[in-house]
file my_file39.tsv (TSV, C-alpha atoms and all ligand atoms)
chain	number	residue	atom	x	y	z
N	1	MET	CA	12.72	8.57	14.35
N	2	ALA	CA	11.31	10.47	11.40
N	3	LYS	CA	14.10	11.33	9.00
N	4	LYS	CA	14.25	15.04	9.55
N	5	GLU	CA	13.40	17.20	12.54
N	6	ARG	CA	11.35	19.80	10.72
N	7	PRO	CA	8.67	21.28	12.94
N	8	ILE	CA	5.47	21.94	11.02
N	9	GLN	CA	4.22	25.53	11.27
N	10	GLY	CA	0.42	25.67	11.12
N	11	ALA	CA	-1.55	23.17	9.07
N	12	PRO	CA	0.73	20.61	7.38
N	13	THR	CA	1.16	20.71	3.62
N	14	ALA	CA	2.35	18.04	1.18
N	15	ARG	CA	5.74	19.74	1.17
N	16	ASP	CA	6.15	18.91	4.89
N	17	PHE	CA	6.09	15.22	3.94
N	18	LYS	CA	8.72	15.47	1.22
N	19	GLY	CA	11.80	13.40	2.10
N	20	ASP	CA	15.42	14.55	1.93
N	21	VAL	CA	16.21	12.06	-0.82
N	22	ASN	CA	14.83	12.45	-4.34
N	23	PRO	CA	13.26	9.31	-5.86
N	24	ASP	CA	15.62	7.19	-7.95
N	25	TRP	CA	12.75	5.88	-10.09
N	26	CYS	CA	13.01	6.06	-13.90
N	27	PRO	CA	11.67	9.43	-15.09
N	28	GLY	CA	8.01	8.83	-15.98
N	29	CYS	CA	7.45	5.87	-13.62
N	30	GLY	CA	3.89	5.67	-12.29
N	31	ASP	CA	5.16	5.55	-8.71
N	32	PHE	CA	5.81	9.33	-8.75
N	33	GLY	CA	2.04	9.92	-8.87
N	34	VAL	CA	1.54	7.60	-5.90
N	35	LEU	CA	4.21	9.35	-3.83
N	36	ASN	CA	2.70	12.74	-4.59
N	37	ALA	CA	-0.80	11.57	-3.66
N	38	LEU	CA	0.46	10.05	-0.42
N	39	GLN	CA	2.18	13.30	0.61
N	40	ASN	CA	-1.11	15.12	-0.01
N	41	ALA	CA	-3.11	12.54	1.95
N	42	TYR	CA	-0.72	12.72	4.93
N	43	ALA	CA	-1.00	16.52	4.89
N	44	LYS	CA	-4.79	16.38	4.83
N	45	ILE	CA	-4.84	14.19	7.96
N	46	GLY	CA	-3.43	17.24	9.76
N	47	ARG	CA	-1.05	15.44	12.13
N	48	GLY	CA	2.74	15.79	12.38
N	49	ASN	CA	5.46	13.72	10.67
N	50	HIS	CA	6.02	11.69	13.83
N	51	ASP	CA	2.42	10.53	13.94
N	52	HIS	CA	2.83	8.45	10.78
N	53	LEU	CA	4.85	5.37	9.87
N	54	THR	CA	5.44	4.29	6.26
N	55	VAL	CA	6.54	0.65	5.88
N	56	SER	CA	7.54	-1.20	2.71
N	57	GLY	CA	9.00	-4.46	1.41
N	58	ILE	CA	11.48	-4.67	-1.48
N	59	GLY	CA	11.12	-3.46	-5.07
N	60	CYS	CA	11.17	-0.17	-7.00
N	61	SER	CA	7.84	0.77	-5.39
N	62	SER	CA	9.04	-0.35	-1.98
N	63	ASN	CA	11.72	2.35	-2.04
N	64	LEU	CA	8.94	4.87	-1.33
N	65	PRO	CA	9.46	5.30	2.46
N	66	GLY	CA	12.93	6.68	1.66
N	67	PHE	CA	11.33	9.58	-0.21
N	68	ILE	CA	8.82	10.64	2.42
N	69	ASN	CA	9.28	12.47	5.72
N	70	THR	CA	7.56	10.22	8.28
N	71	TYR	CA	8.89	7.41	10.41
N	72	GLY	CA	9.89	4.80	7.86
N	73	MET	CA	10.95	1.21	7.51
N	74	HIS	CA	12.20	-0.63	4.42
N	75	THR	CA	11.76	-4.26	5.48
N	76	LEU	CA	12.25	-7.63	3.75
N	77	HIS	CA	10.71	-8.73	0.45
N	78	GLY	CA	7.08	-9.65	1.17
N	79	ARG	CA	7.24	-8.99	4.90
N	80	SER	CA	6.04	-5.40	5.18
N	81	LEU	CA	2.57	-6.30	6.49
N	82	ALA	CA	4.01	-8.46	9.27
N	83	VAL	CA	6.30	-5.63	10.43
N	84	ALA	CA	3.51	-3.05	10.12
N	85	THR	CA	1.19	-5.24	12.19
N	86	GLY	CA	3.79	-5.35	14.98
N	87	ALA	CA	4.28	-1.59	14.87
N	88	LYS	CA	0.54	-0.91	14.89
N	89	LEU	CA	-0.11	-3.19	17.86
N	90	ALA	CA	2.83	-1.73	19.79
N	91	ASN	CA	1.54	1.80	19.20
N	92	HIS	CA	-1.96	1.98	17.80
N	93	ASP	CA	-1.84	5.80	17.99
N	94	LEU	CA	0.43	5.73	14.92
N	95	ASN	CA	-1.10	6.04	11.47
N	96	VAL	CA	0.59	3.11	9.74
N	97	VAL	CA	0.71	3.02	5.94
N	98	VAL	CA	2.24	0.13	4.01
N	99	THR	CA	3.50	0.56	0.44
N	100	GLY	CA	4.94	-1.88	-2.07
N	101	GLY	CA	4.55	-3.69	-5.35
N	102	ASP	CA	2.52	-6.53	-6.84
N	103	GLY	CA	5.45	-8.95	-6.61
N	104	ASP	CA	6.09	-7.99	-3.00
N	105	GLY	CA	2.46	-8.06	-1.85
N	106	TYR	CA	0.70	-10.59	-4.07
N	107	GLY	CA	3.64	-12.95	-4.72
N	108	ILE	CA	6.13	-13.56	-1.93
N	109	GLY	CA	3.94	-11.68	0.58
N	110	GLY	CA	0.64	-13.23	-0.51
N	111	ASN	CA	0.14	-15.21	2.68
N	112	HIS	CA	0.62	-12.12	4.88
N	113	PHE	CA	-1.77	-10.21	2.62
N	114	ILE	CA	-4.60	-12.71	3.27
N	115	HIS	CA	-4.07	-13.01	7.01
N	116	THR	CA	-3.64	-9.29	7.67
N	117	MET	CA	-7.00	-8.74	5.98
N	118	ARG	CA	-8.62	-11.61	7.89
N	119	LYS	CA	-7.51	-10.00	11.17
N	120	ASN	CA	-8.69	-6.54	10.05
N	121	ILE	CA	-5.49	-4.88	11.26
N	122	ASP	CA	-5.90	-1.09	11.15
N	123	LEU	CA	-3.50	-0.28	8.29
N	124	LEU	CA	-3.66	1.36	4.89
N	125	TYR	CA	-2.00	-0.90	2.30
N	126	ILE	CA	-1.13	0.70	-1.04
N	127	VAL	CA	0.07	-1.67	-3.76
N	128	MET	CA	1.71	-0.10	-6.82
N	129	ASN	CA	0.60	-2.71	-9.29
N	130	ASN	CA	2.65	-2.54	-12.50
N	131	GLU	CA	2.11	-6.21	-13.39
N	132	THR	CA	5.85	-6.89	-13.31
N	133	TYR	CA	8.89	-7.36	-11.07
N	134	GLY	CA	10.27	-3.95	-12.03
N	135	LEU	CA	13.39	-3.85	-9.86
N	136	THR	CA	14.68	-7.25	-10.99
N	137	ILE	CA	14.28	-6.19	-14.64
N	138	GLY	CA	10.86	-7.16	-15.78
N	139	GLN	CA	9.91	-10.74	-14.99
N	140	ALA	CA	6.25	-11.85	-14.88
N	141	SER	CA	4.46	-11.18	-11.59
N	142	PRO	CA	1.21	-12.56	-10.11
N	143	THR	CA	-0.77	-9.90	-12.01
N	144	THR	CA	0.88	-10.23	-15.45
N	145	VAL	CA	-1.76	-10.95	-18.07
N	146	ILE	CA	-1.95	-14.22	-20.00
N	147	GLY	CA	0.08	-14.20	-23.21
N	148	GLU	CA	2.45	-11.36	-22.23
N	149	LYS	CA	6.07	-11.92	-23.21
N	150	THR	CA	8.47	-10.97	-20.40
N	151	LYS	CA	12.03	-11.85	-19.37
N	152	SER	CA	10.71	-14.94	-17.55
N	153	THR	CA	7.94	-15.80	-20.05
N	154	PRO	CA	9.63	-15.55	-23.47
N	155	PHE	CA	6.85	-17.59	-25.14
N	156	GLY	CA	4.07	-15.65	-23.40
N	157	ASN	CA	2.69	-15.93	-19.86
N	158	ILE	CA	0.56	-19.05	-19.35
N	159	GLU	CA	-0.44	-18.44	-15.70
N	160	THR	CA	-3.80	-16.90	-14.75
N	161	PRO	CA	-3.31	-13.53	-12.98
N	162	LEU	CA	-4.79	-13.17	-9.53
N	163	ASN	CA	-7.52	-10.64	-8.82
N	164	PRO	CA	-6.38	-8.54	-5.83
N	165	VAL	CA	-9.62	-6.60	-5.38
N	166	ALA	CA	-11.79	-9.74	-5.32
N	167	MET	CA	-9.25	-11.41	-3.04
N	168	ALA	CA	-9.39	-8.50	-0.60
N	169	ILE	CA	-13.20	-8.48	-0.50
N	170	VAL	CA	-13.45	-12.19	0.32
N	171	SER	CA	-10.47	-12.23	2.70
N	172	GLY	CA	-11.88	-9.73	5.19
N	173	ALA	CA	-10.52	-6.32	4.17
N	174	THR	CA	-13.02	-3.66	5.22
N	175	TYR	CA	-12.06	-0.91	2.72
N	176	VAL	CA	-11.20	-2.02	-0.81
N	177	ALA	CA	-10.44	0.27	-3.74
N	178	ARG	CA	-8.62	0.60	-7.05
N	179	ALA	CA	-6.96	3.75	-8.34
N	180	PHE	CA	-4.69	4.91	-11.17
N	181	SER	CA	-1.45	6.78	-10.48
N	182	SER	CA	-2.32	9.41	-13.12
N	183	GLU	CA	-5.59	10.24	-11.33
N	184	GLY	CA	-3.82	11.98	-8.44
N	185	LYS	CA	-6.76	13.71	-6.78
N	186	HIS	CA	-8.89	10.58	-6.82
N	187	LEU	CA	-5.98	8.53	-5.46
N	188	ALA	CA	-5.19	11.02	-2.66
N	189	GLU	CA	-8.87	11.07	-1.64
N	190	LEU	CA	-8.98	7.27	-1.49
N	191	MET	CA	-5.76	7.28	0.56
N	192	TYR	CA	-7.08	9.90	2.98
N	193	ASN	CA	-10.35	8.01	3.47
N	194	GLY	CA	-8.41	4.76	3.82
N	195	MET	CA	-6.29	6.29	6.61
N	196	GLN	CA	-9.44	7.50	8.36
N	197	HIS	CA	-11.03	4.04	8.08
N	198	LYS	CA	-10.70	1.93	11.23
N	199	GLY	CA	-9.60	-1.49	9.93
N	200	PHE	CA	-7.68	-2.90	6.98
N	201	ALA	CA	-7.86	-0.50	4.03
N	202	PHE	CA	-6.48	-1.64	0.69
N	203	ILE	CA	-5.87	0.25	-2.55
N	204	ASP	CA	-4.65	-1.55	-5.66
N	205	VAL	CA	-3.06	1.24	-7.71
N	206	ILE	CA	-2.41	0.84	-11.43
N	207	SER	CA	1.10	2.33	-11.47
N	208	PRO	CA	2.69	1.67	-14.87
N	209	CYS	CA	6.34	0.70	-15.36
N	210	ILE	CA	7.46	2.46	-18.51
N	211	THR	CA	10.84	0.73	-18.61
N	212	TRP	CA	9.62	-2.86	-18.97
N	213	LYS	CA	6.11	-2.32	-20.35
N	214	ASP	CA	6.62	0.22	-23.16
N	215	LYS	CA	7.41	-1.84	-26.26
N	216	GLY	CA	8.03	-0.03	-29.55
N	217	GLU	CA	4.80	1.76	-30.48
N	218	PHE	CA	3.01	0.33	-27.44
N	219	LYS	CA	2.92	2.87	-24.59
N	220	ILE	CA	1.72	1.50	-21.26
N	221	PHE	CA	0.30	4.84	-19.98
N	222	ASP	CA	-1.78	5.30	-23.14
N	223	HIS	CA	-2.98	1.70	-22.78
N	224	TRP	CA	-4.35	2.41	-19.27
N	225	LYS	CA	-5.57	5.95	-19.96
N	226	GLU	CA	-7.78	4.64	-22.76
N	227	ARG	CA	-9.25	1.91	-20.60
N	228	VAL	CA	-9.83	3.11	-17.03
N	229	ASN	CA	-13.35	4.11	-15.97
N	230	PHE	CA	-14.91	5.04	-12.65
N	231	LEU	CA	-17.35	2.84	-10.74
N	232	GLU	CA	-20.81	4.38	-10.90
N	233	ASP	CA	-24.09	3.74	-9.09
N	234	HIS	CA	-22.45	1.22	-6.81
N	235	ASP	CA	-23.42	0.51	-3.19
N	236	THR	CA	-20.09	0.19	-1.38
N	237	SER	CA	-21.73	-1.35	1.70
N	238	ASP	CA	-23.03	-4.34	-0.30
N	239	LYS	CA	-20.39	-7.08	-0.23
N	240	ALA	CA	-22.03	-9.24	-2.90
N	241	ALA	CA	-22.36	-6.24	-5.24
N	242	ALA	CA	-18.70	-5.34	-4.60
N	243	LEU	CA	-17.60	-8.84	-5.48
N	244	GLU	CA	-19.77	-8.84	-8.58
N	245	GLN	CA	-18.04	-5.64	-9.75
N	246	ALA	CA	-14.64	-7.10	-8.88
N	247	VAL	CA	-15.01	-10.22	-11.01
N	248	LYS	CA	-17.02	-9.04	-14.00
N	249	ASP	CA	-15.43	-8.69	-17.44
N	250	GLY	CA	-13.24	-5.60	-17.57
N	251	HIS	CA	-13.00	-5.39	-13.77
N	252	GLU	CA	-9.26	-4.55	-13.99
N	253	THR	CA	-10.03	-1.14	-15.47
N	254	GLN	CA	-12.58	-0.01	-12.86
N	255	LEU	CA	-11.48	2.71	-10.44
N	256	GLY	CA	-13.10	3.67	-7.15
N	257	LEU	CA	-14.21	2.29	-3.82
N	258	PHE	CA	-15.57	-1.24	-4.24
N	259	TYR	CA	-16.30	-2.09	-0.62
N	260	HIS	CA	-16.52	-0.27	2.72
N	261	ASP	CA	-17.58	-2.03	5.93
N	262	THR	CA	-17.74	0.24	8.97
N	263	SER	CA	-19.42	-2.33	11.21
N	264	ARG	CA	-16.49	-4.65	11.96
N	265	PRO	CA	-14.06	-3.53	14.69
N	266	SER	CA	-10.34	-3.62	13.95
N	267	LEU	CA	-8.09	-5.99	15.88
N	268	ASP	CA	-6.65	-3.25	18.10
N	269	GLN	CA	-10.17	-2.21	19.10
N	270	MET	CA	-10.92	-5.76	20.25
N	271	GLU	CA	-7.59	-6.67	21.85
N	272	PRO	CA	-8.00	-6.53	25.69
N	273	VAL	CA	-4.25	-5.94	26.21
N	274	LEU	CA	-4.59	-2.57	24.43
N	275	GLU	CA	-7.50	-1.30	26.52
N	276	ASN	CA	-5.20	0.92	28.63
N	277	GLY	CA	-3.79	2.67	25.56
N	278	PRO	CA	-0.79	1.99	23.31
N	279	MET	CA	1.70	-0.49	24.75
N	280	ALA	CA	4.52	1.81	23.66
N	281	HIS	CA	3.29	4.39	26.21
N	282	GLN	CA	2.91	1.96	29.12
N	283	PRO	CA	5.50	1.09	31.77
N	284	LEU	CA	7.74	-1.74	30.61
N	285	GLY	CA	7.58	-3.60	33.93
N	286	VAL	CA	11.38	-3.78	34.23
N	287	THR	CA	13.87	-1.38	35.85
N	288	PRO	CA	16.23	0.65	33.62
N	289	GLU	CA	19.08	-1.63	34.81
N	290	GLN	CA	17.18	-4.77	33.83
N	291	GLY	CA	16.33	-3.15	30.47
N	292	SER	CA	20.02	-2.35	29.80
N	293	ALA	CA	21.02	-5.90	30.74
N	294	ILE	CA	18.50	-7.34	28.26
N	295	ILE	CA	19.75	-5.04	25.49
N	296	GLN	CA	23.38	-5.94	26.28
N	297	ARG	CA	22.56	-9.64	26.03
N	298	MET	CA	21.03	-9.07	22.59
N	299	MET	CA	24.00	-7.08	21.20
N	301	LIG	C1	13.57	-13.10	-0.47
N	301	LIG	C2	13.82	-12.34	-1.74
N	301	LIG	N1	13.52	-12.92	-2.92
N	301	LIG	C3	13.73	-12.26	-4.07
N	301	LIG	C4	14.25	-11.00	-4.05
N	301	LIG	C5	14.51	-10.28	-5.33
N	301	LIG	N2	13.52	-9.25	-5.60
N	301	LIG	C6	13.72	-7.97	-5.24
N	301	LIG	S1	12.50	-6.95	-5.71
N	301	LIG	C7	11.66	-8.24	-6.41
N	301	LIG	C8	10.35	-8.04	-7.12
N	301	LIG	C9	9.77	-6.70	-6.95
N	301	LIG	O1	8.56	-6.61	-7.65
N	301	LIG	P1	7.42	-5.69	-7.13
N	301	LIG	O2	7.13	-5.95	-5.72
N	301	LIG	O3	6.29	-5.83	-8.07
N	301	LIG	O4	8.05	-4.23	-7.18
N	301	LIG	P2	8.40	-3.28	-8.41
N	301	LIG	O5	9.88	-3.33	-8.54
N	301	LIG	O6	7.70	-3.79	-9.62
N	301	LIG	O7	7.89	-1.96	-7.98
N	301	LIG	C10	12.35	-9.44	-6.29
N	301	LIG	C11	11.89	-10.74	-6.82
N	301	LIG	C12	14.54	-10.42	-2.79
N	301	LIG	N3	15.01	-9.16	-2.68
N	301	LIG	N4	14.32	-11.12	-1.66
N	302	LIG	S1	11.92	-0.10	-13.60
N	302	LIG	FE1	9.74	0.37	-13.88
N	302	LIG	S2	8.87	0.29	-11.79
N	302	LIG	FE2	11.09	0.48	-11.59
N	302	LIG	S3	11.48	2.68	-11.40
N	302	LIG	FE3	11.70	2.15	-13.57
N	302	LIG	S4	9.67	2.54	-14.48
N	302	LIG	FE4	9.39	2.43	-12.25
N	303	MG	MG	5.71	-4.66	-9.64
call {"tool": "encode", "arguments": {"input": "my_file39.tsv", "output": "structure tokens"}}
result
Amino acid sequence: MAKKERPIQGAPTARDFKGDVNPDWCPGCGDFGVLNALQNAYAKIGRGNHDHLTVSGIGCSSNLPGFINTYGMHTLHGRSLAVATGAKLANHDLNVVVTGGDGDGYGIGGNHFIHTMRKNIDLLYIVMNNETYGLTIGQASPTTVIGEKTKSTPFGNIETPLNPVAMAIVSGATYVARAFSSEGKHLAELMYNGMQHKGFAFIDVISPCITWKDKGEFKIFDHWKERVNFLEDHDTSDKAAALEQAVKDGHETQLGLFYHDTSRPSLDQMEPVLENGPMAHQPLGVTPEQGSAIIQRMM
């Protein structure tokens, strides 16, 4: 169940989605901006706490469901999309949002990332991309840039970073965007539209880790603030144009909606088993006694 029985009076506000536990992130972490934007986006949807599920993997960013008042699940490292897929197909009335980090989603969970997009599962996936394994004290991740010295790359990173936005466009995601945690309004709008989108919606969020990325005079927030720019004059329905934007020089700094395909149905819309409504609301086909016996056997 959602963490707190707190009936919403009137239209929901961001405050209604605030969890009981305060975030344990380092003061100044980019993830605060993402949490705030997500609370605003949930409120704007206008449904109650119990109509949403927030699922995560493992990492600093993956602690997010603990700080938000919806149904929540903190799963295994890299396995959030698999769990969220199961939840969505069991009850496709739920608005299912998946949150996590670049290590969680693009590293250990990379295979799930590709296949969830290919299947166009109706989820919103928000990756707080800080280009590091923050929780395990700053090793290189799949998005760490070439040459960067980290705990695991003391002579400088020699591996080419992957391009999550380009990967999402070619793998079958039907809503693909990039945002910056300091651009809260823009991020909340992308989240809200991503929740409304029927199909796999993906937002790669630049969410800086001040603890492992600030080095002496170098301040990671200033680095990004000076570089980010918004996509302009771009046709989001044109897949080739979206890919062109996603691979061109300086693509990492571009914010906005790259690609939006409203023509492809999501998996739950095509699945014949779900035609009669969410499975979670249908009779189980076993008596209560049989159900208890099954549960007992599993205990
Ligand atoms: C199977 C498994 N392997 C490794 C770990 C250790 N581990 C925990 S979090 C993490 C990386 C997290 O990085 P990211 O997803 O980018 O999150 P961040 O902390 O940067 O927000 C790793 C390697 C684990 N918990 N489980
Ligand atoms: S270590 Fe980095 S990612 Fe983790 S909470 Fe601190 S600033 Fe955020
Ligand atoms: Mg990370």
call {"tool": "residues_near_ligand", "arguments": {"input": "my_file39.tsv", "ligand": "ligand MG 303 (chain N)", "cutoff": "6 Å", "atoms": "all atoms listed in the file", "output": "list of chain:residue names"}}
result
N:Gly101, N:Asp102, N:Gly103, N:Asn129, N:Asn130, N:Glu131, N:Thr132, N:Tyr133, N:Gly134
call {"tool": "atom_distance", "arguments": {"input": "my_file39.tsv", "atom1": "CA of Asp31 in chain N", "atom2": "atom S3 of ligand LIG 302 (chain N)"}}
result
7.4 Å
call {"tool": "closest_atom_pairs", "arguments": {"input": "my_file39.tsv", "of": "chain N", "to": "ligand LIG 301 (chain N)", "cutoff": "10 Å", "atoms": "all atoms listed in the file", "output": "tab-separated table"}}
result
residue	atom	partner	partner_atom	distance
N:Trp25	CA	N:LIG301	O7	9.5
N:Cys29	CA	N:LIG301	O7	9.7
N:Gly30	CA	N:LIG301	O7	9.6
N:Asp31	CA	N:LIG301	O7	8.0
N:Ser56	CA	N:LIG301	O2	9.7
N:Gly57	CA	N:LIG301	O2	7.5
N:Ile58	CA	N:LIG301	S1	4.9
N:Gly59	CA	N:LIG301	O5	3.7
N:Cys60	CA	N:LIG301	O5	3.7
N:Ser61	CA	N:LIG301	O7	3.8
N:Ser62	CA	N:LIG301	O7	6.3
N:Asn63	CA	N:LIG301	O7	8.3
N:Leu64	CA	N:LIG301	O7	9.6
N:Leu76	CA	N:LIG301	N4	6.8
N:His77	CA	N:LIG301	N4	4.8
N:Gly78	CA	N:LIG301	C1	7.5
N:Arg79	CA	N:LIG301	C1	9.3
N:Thr99	CA	N:LIG301	O2	9.7
N:Gly100	CA	N:LIG301	O2	5.9
N:Gly101	CA	N:LIG301	O2	3.4
N:Asp102	CA	N:LIG301	O3	4.0
N:Gly103	CA	N:LIG301	O3	3.5
N:Asp104	CA	N:LIG301	O2	3.6
N:Gly105	CA	N:LIG301	O2	6.4
N:Tyr106	CA	N:LIG301	O2	8.1
N:Gly107	CA	N:LIG301	O2	7.9
N:Ile108	CA	N:LIG301	N1	7.5
N:Gly109	CA	N:LIG301	O2	9.1
N:Val127	CA	N:LIG301	O2	8.5
N:Met128	CA	N:LIG301	O7	6.6
N:Asn129	CA	N:LIG301	O3	6.6
N:Asn130	CA	N:LIG301	O6	5.9
N:Glu131	CA	N:LIG301	O3	6.8
N:Thr132	CA	N:LIG301	O6	5.2
N:Tyr133	CA	N:LIG301	O1	3.5
N:Gly134	CA	N:LIG301	O6	3.5
N:Leu135	CA	N:LIG301	O5	3.8
N:Thr136	CA	N:LIG301	C7	5.6
N:Ile137	CA	N:LIG301	O5	8.0
N:Gly138	CA	N:LIG301	O6	7.7
N:Gln139	CA	N:LIG301	C8	8.3
N:Ala140	CA	N:LIG301	O3	9.1
N:Ser141	CA	N:LIG301	O3	6.7
N:Pro142	CA	N:LIG301	O3	8.7
N:Thr143	CA	N:LIG301	O3	9.1
N:Ser207	CA	N:LIG301	O7	8.8
N:Pro208	CA	N:LIG301	O6	9.1
N:Cys209	CA	N:LIG301	O6	7.4
N:Trp212	CA	N:LIG301	O6	9.6
call {"tool": "closest_residue", "arguments": {"input": "my_file39.tsv", "among": "N:Thr116, N:Gln282, N:Thr211, N:Gln269", "to": "ligand LIG 302 (chain N)", "atoms": "all atoms listed in the file"}}
result
N:Thr211
call {"tool": "atom_distance", "arguments": {"input": "my_file39.tsv", "atom1": "CA of Asp24 in chain N", "atom2": "CA of Leu94 in chain N"}}
result
27.5 Å
call {"tool": "atom_distance", "arguments": {"input": "my_file39.tsv", "atom1": "CA of Asn91 in chain N", "atom2": "CA of Gly48 in chain N"}}
result
15.6 Å
call {"tool": "decode", "arguments": {"input": "my_file39.tsv", "residues": "range 129-140 of chain N", "atoms": "C-alpha atoms", "output": "PDB file, in the first residue's frame"}}
result
ATOM      1  CA  ASN N 129      22.310  10.572 -14.950  1.00  0.00           C
ATOM      2  CA  ASN N 130      25.269  11.853 -12.910  1.00  0.00           C
ATOM      3  CA  GLU N 131      27.875   9.976 -14.961  1.00  0.00           C
ATOM      4  CA  THR N 132      29.058   8.066 -11.894  1.00  0.00           C
ATOM      5  CA  TYR N 133      28.241   5.274  -9.445  1.00  0.00           C
ATOM      6  CA  GLY N 134      27.449   7.771  -6.681  1.00  0.00           C
ATOM      7  CA  LEU N 135      26.385   5.391  -3.913  1.00  0.00           C
ATOM      8  CA  THR N 136      29.466   3.175  -4.187  1.00  0.00           C
ATOM      9  CA  ILE N 137      31.714   6.261  -3.951  1.00  0.00           C
ATOM     10  CA  GLY N 138      32.365   7.511  -7.417  1.00  0.00           C
ATOM     11  CA  GLN N 139      33.481   4.838  -9.857  1.00  0.00           C
ATOM     12  CA  ALA N 140      33.151   5.331 -13.637  1.00  0.00           C
TER      13      ALA N 140
END
